[in-house]
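S.K.: Below is a structure I'd like to ask you about.
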Amino acid sequence: MQRTYEIMFIVRPDILDEDLDKLIAGLEGNITQGGGSIKSLEKLGRRKLAYTVKKFNDGNYVLLTINADGSLVGEIERRLRVSEPVIKFISVRMDEEEKRVAKIKAIRATRKKLSAQPAAAVAAPAPVEAAPAPSPAAEAASA
Amino acid sequence: MADETSTPSAPSTSRPEGSASSGPSGPGGRPPAGRPSGPGGGGRKFFRRKKVCKFCVEKIDAIHYRDVRLLQQFVAERGKIVPRRLTGVCTTHQRGLARAIKQARNIALLPFAARY
């Protein structure tokens with residue numbers, strides 16, 4: 001069963017840019033081979049760590065949003081654990097949360113429509129336009 | 001059944017009246033009547049604004065571990081999660097907030113304990 005996961009990991013700061021790209025490319029290969037798909041990849045750049053990790057005080061953050069099976073996520077976690085330049089990682093399941101947020105957004109949209117109806121009966125197309133609008137906003141918020 | 005439903009409603013409706021009346025009469029000299037119900041009625045100088053949940057008011061649905069700026073507002077100087085009674089965050093959002101802060105700590109976005 002495919003679910004949305006977010007994997008964030010920290011790469012040691014003294015790594016070269018090419019090596020970082022190579023590492024990410026290798027990881028992408030693993031994901032696609034394992035039957036998953038990559039939704040987005042974001043290099044958040046160098047950031048100061050809140051505490052010292054493996055004697056490093058800053059690190060390169062990389063955020064990866066993927067669609068994958070639970071077993072594939074386990075495999076990726078194993079790979080991150082053994083890959084030497086990765087000093088820390090976290091994987092978070094996102095689909096439940098996204099569903100919940102979408103539900104709230106939908107409820108809010110219907111409420112707005114009800115309140116808008118007595119005020120402006122002429123502006124009937126306006127709620128129709130407003131209804132699809134929150135979904136890109138939800139994606140933007142989650143991305 | 002009808003009595004049970006009516007009896008709790010009766011004190012609840014009378015309580016605001018009592019506190020409202022104690023407000024002006026409080027300085028006059030009947031403190032024990034209105035004191036327990038109205039914290040604001042006790043003394044004007046201790047008037048406290050009602051705390052509201054930031055997430056409910058600003059309609060922030062998803063509390064994400066990545067927005068450190070947001071989470072940092074609910075973390076004390078030493079890195080502790082600030083309790084609900086101080087921030088006014090509602091139960092649901094405090095739960096999500098605590099989870100997000102703990103995730104952020106795990107990936108070194110927030111400190112477990114800040115050094116001083």
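Letters A, B, ... go to the chains of the structure tokens in the order shown; residues in each chain start at 1; ligands are counted from 1 in the same order.
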When you get a sec, could you note down which chain A residues fall within 12 Å of chain B, using only C-alpha atoms, as number ranges by chain?

M.R.: A: 6-11, 44, 47-54, 56-63, 86-94, 96-105, 108, 137-143

S.K.: Can those selected residues be exported to a file as a compact mmCIF listing (two decimals), in the first residue's frame so that it contains N, CA and C atoms?

M.R.:
```
# COMPACT_ATOMS: atom_id res chain seq x y z
N GLU A 6 7.50 11.60 4.36
CA GLU A 6 8.44 12.69 4.25
C GLU A 6 9.72 12.24 4.95
N ILE A 7 10.80 12.27 4.22
CA ILE A 7 12.06 11.86 4.83
C ILE A 7 12.99 13.06 4.82
N MET A 8 13.40 13.45 5.99
CA MET A 8 14.35 14.55 6.09
C MET A 8 15.64 13.98 6.66
N PHE A 9 16.75 14.32 6.03
CA PHE A 9 18.01 13.85 6.59
C PHE A 9 19.08 14.93 6.53
N ILE A 10 20.03 14.79 7.40
CA ILE A 10 21.12 15.75 7.51
C ILE A 10 22.39 15.09 7.02
N VAL A 11 23.06 15.77 6.10
CA VAL A 11 24.33 15.27 5.58
C VAL A 11 25.43 16.12 6.21
N LEU A 44 17.47 21.94 1.53
CA LEU A 44 17.21 23.10 2.38
C LEU A 44 18.50 23.85 2.69
N ARG A 47 22.46 24.53 7.54
CA ARG A 47 21.75 25.08 8.68
C ARG A 47 22.51 24.74 9.94
N LYS A 48 22.40 25.60 10.90
CA LYS A 48 23.02 25.31 12.19
C LYS A 48 22.17 24.28 12.93
N LEU A 49 22.82 23.31 13.51
CA LEU A 49 22.08 22.31 14.27
C LEU A 49 21.78 22.84 15.67
N ALA A 50 20.67 22.38 16.22
CA ALA A 50 20.29 22.84 17.56
C ALA A 50 21.18 22.24 18.63
N TYR A 51 21.80 21.12 18.30
CA TYR A 51 22.74 20.51 19.23
C TYR A 51 23.79 19.75 18.41
N THR A 52 24.86 19.39 19.04
CA THR A 52 25.96 18.75 18.33
C THR A 52 25.58 17.31 17.97
N VAL A 53 25.79 16.96 16.72
CA VAL A 53 25.54 15.60 16.26
C VAL A 53 26.83 15.09 15.65
N LYS A 54 27.36 14.01 16.20
CA LYS A 54 28.61 13.43 15.72
C LYS A 54 29.70 14.49 15.55
N PHE A 56 29.46 17.50 14.83
CA PHE A 56 29.18 18.55 13.85
C PHE A 56 28.19 19.53 14.45
N ASN A 57 28.42 20.81 14.15
CA ASN A 57 27.50 21.81 14.65
C ASN A 57 26.59 22.38 13.56
N ASP A 58 26.86 22.04 12.32
CA ASP A 58 25.89 22.37 11.27
C ASP A 58 25.85 21.25 10.24
N GLY A 59 24.82 21.33 9.42
CA GLY A 59 24.63 20.23 8.47
C GLY A 59 23.80 20.66 7.28
N ASN A 60 23.89 19.85 6.22
CA ASN A 60 23.08 20.09 5.03
C ASN A 60 21.76 19.33 5.17
N TYR A 61 20.68 20.07 5.16
CA TYR A 61 19.38 19.44 5.29
C TYR A 61 18.82 19.11 3.91
N VAL A 62 18.29 17.92 3.78
CA VAL A 62 17.62 17.52 2.53
C VAL A 62 16.25 16.97 2.91
N LEU A 63 15.25 17.42 2.17
CA LEU A 63 13.88 16.97 2.42
C LEU A 63 13.38 16.23 1.20
N VAL A 86 25.48 10.62 6.04
CA VAL A 86 24.21 11.02 6.66
C VAL A 86 24.36 10.91 8.18
N ILE A 87 24.18 12.03 8.86
CA ILE A 87 24.40 12.01 10.30
C ILE A 87 23.09 11.88 11.08
N LYS A 88 21.97 12.24 10.46
CA LYS A 88 20.69 12.13 11.16
C LYS A 88 19.57 12.11 10.14
N PHE A 89 18.51 11.40 10.45
CA PHE A 89 17.37 11.39 9.54
C PHE A 89 16.08 11.18 10.32
N ILE A 90 14.98 11.56 9.69
CA ILE A 90 13.66 11.32 10.28
C ILE A 90 12.72 11.02 9.13
N SER A 91 11.83 10.06 9.32
CA SER A 91 10.81 9.80 8.31
C SER A 91 9.45 9.91 8.98
N VAL A 92 8.58 10.66 8.35
CA VAL A 92 7.28 10.94 8.92
C VAL A 92 6.22 10.59 7.89
N ARG A 93 5.20 9.89 8.36
CA ARG A 93 4.09 9.56 7.47
C ARG A 93 3.16 10.77 7.39
N MET A 94 2.81 11.14 6.16
CA MET A 94 2.09 12.41 5.98
C MET A 94 0.65 12.24 5.55
N GLU A 96 -2.14 10.67 6.48
CA GLU A 96 -3.23 10.85 7.42
C GLU A 96 -3.44 12.33 7.74
N GLU A 97 -2.32 12.98 7.97
CA GLU A 97 -2.36 14.40 8.32
C GLU A 97 -2.92 15.22 7.15
N GLU A 98 -2.49 14.88 5.94
CA GLU A 98 -2.98 15.60 4.76
C GLU A 98 -4.48 15.40 4.60
N LYS A 99 -4.91 14.17 4.88
CA LYS A 99 -6.34 13.86 4.76
C LYS A 99 -7.14 14.70 5.76
N ARG A 100 -6.59 14.77 6.95
CA ARG A 100 -7.26 15.52 8.02
C ARG A 100 -7.37 16.99 7.66
N VAL A 101 -6.28 17.54 7.15
CA VAL A 101 -6.26 18.96 6.79
C VAL A 101 -7.23 19.23 5.64
N ALA A 102 -7.26 18.29 4.66
CA ALA A 102 -8.16 18.46 3.52
C ALA A 102 -9.62 18.46 3.99
N LYS A 103 -9.89 17.59 4.97
CA LYS A 103 -11.25 17.50 5.51
C LYS A 103 -11.65 18.82 6.17
N ILE A 104 -10.74 19.36 6.96
CA ILE A 104 -11.01 20.62 7.64
C ILE A 104 -11.25 21.72 6.62
N LYS A 105 -10.42 21.72 5.60
CA LYS A 105 -10.55 22.73 4.54
C LYS A 105 -11.90 22.63 3.86
N ARG A 108 -14.63 23.90 6.08
CA ARG A 108 -14.56 25.36 6.14
C ARG A 108 -15.15 25.98 4.88
N ALA A 137 -3.72 25.42 -2.24
CA ALA A 137 -3.17 26.05 -1.03
C ALA A 137 -2.76 24.98 -0.03
N ALA A 138 -3.56 23.91 0.03
CA ALA A 138 -3.24 22.81 0.93
C ALA A 138 -1.95 22.12 0.52
N GLU A 139 -1.78 21.99 -0.79
CA GLU A 139 -0.55 21.38 -1.29
C GLU A 139 0.66 22.27 -0.98
N ALA A 140 0.41 23.56 -1.14
CA ALA A 140 1.49 24.51 -0.87
C ALA A 140 1.89 24.48 0.60
N ALA A 141 0.86 24.34 1.45
CA ALA A 141 1.13 24.33 2.88
C ALA A 141 1.85 23.06 3.30
N SER A 142 1.48 21.95 2.64
CA SER A 142 2.10 20.68 3.01
C SER A 142 3.48 20.51 2.37
N ALA A 143 3.69 21.16 1.25
CA ALA A 143 4.96 20.99 0.53
C ALA A 143 6.11 21.71 1.23
```

S.K.: Between A:Lys43, A:Pro85, A:Ala109, A:Ile76, which has the minimum distance to Gly29 (chain A) (counting only C-alpha atoms)?

M.R.: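 Of A:Lys43, A:Pro85, A:Ala109, A:Ile76, the one nearest Gly29 (chain A), counting only C-alpha atoms, is A:Ile76.
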
S.K.: What does the structure give for the distance between CA of Ala106 (chain A) and CA of Val57 (chain B), in Å to one decimal?

M.R.: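 Rounded to one decimal, the two atoms are 17.7 Å apart.
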
S.K.: What's around region 83-99 of chain B at 6 Å? Count only C-alpha atoms, leave out sequence neighbours fewer than 3 positions away in its own chain, and write the answer as JSON, numbers by chain.

M.R.: {"B": [51, 52, 53, 102]}

S.K.: Using only C-alpha atoms, which residue out of A:Gly34, A:Leu27, A:Pro13, A:Lys113 lies closest to Asp69 (chain A)?

M.R.: A:Gly34

S.K.: One number please: CA of Ser37 (chain A) to CA of Asp67 (chain B), in Å, one decimal.

M.R.: 24.9 Å
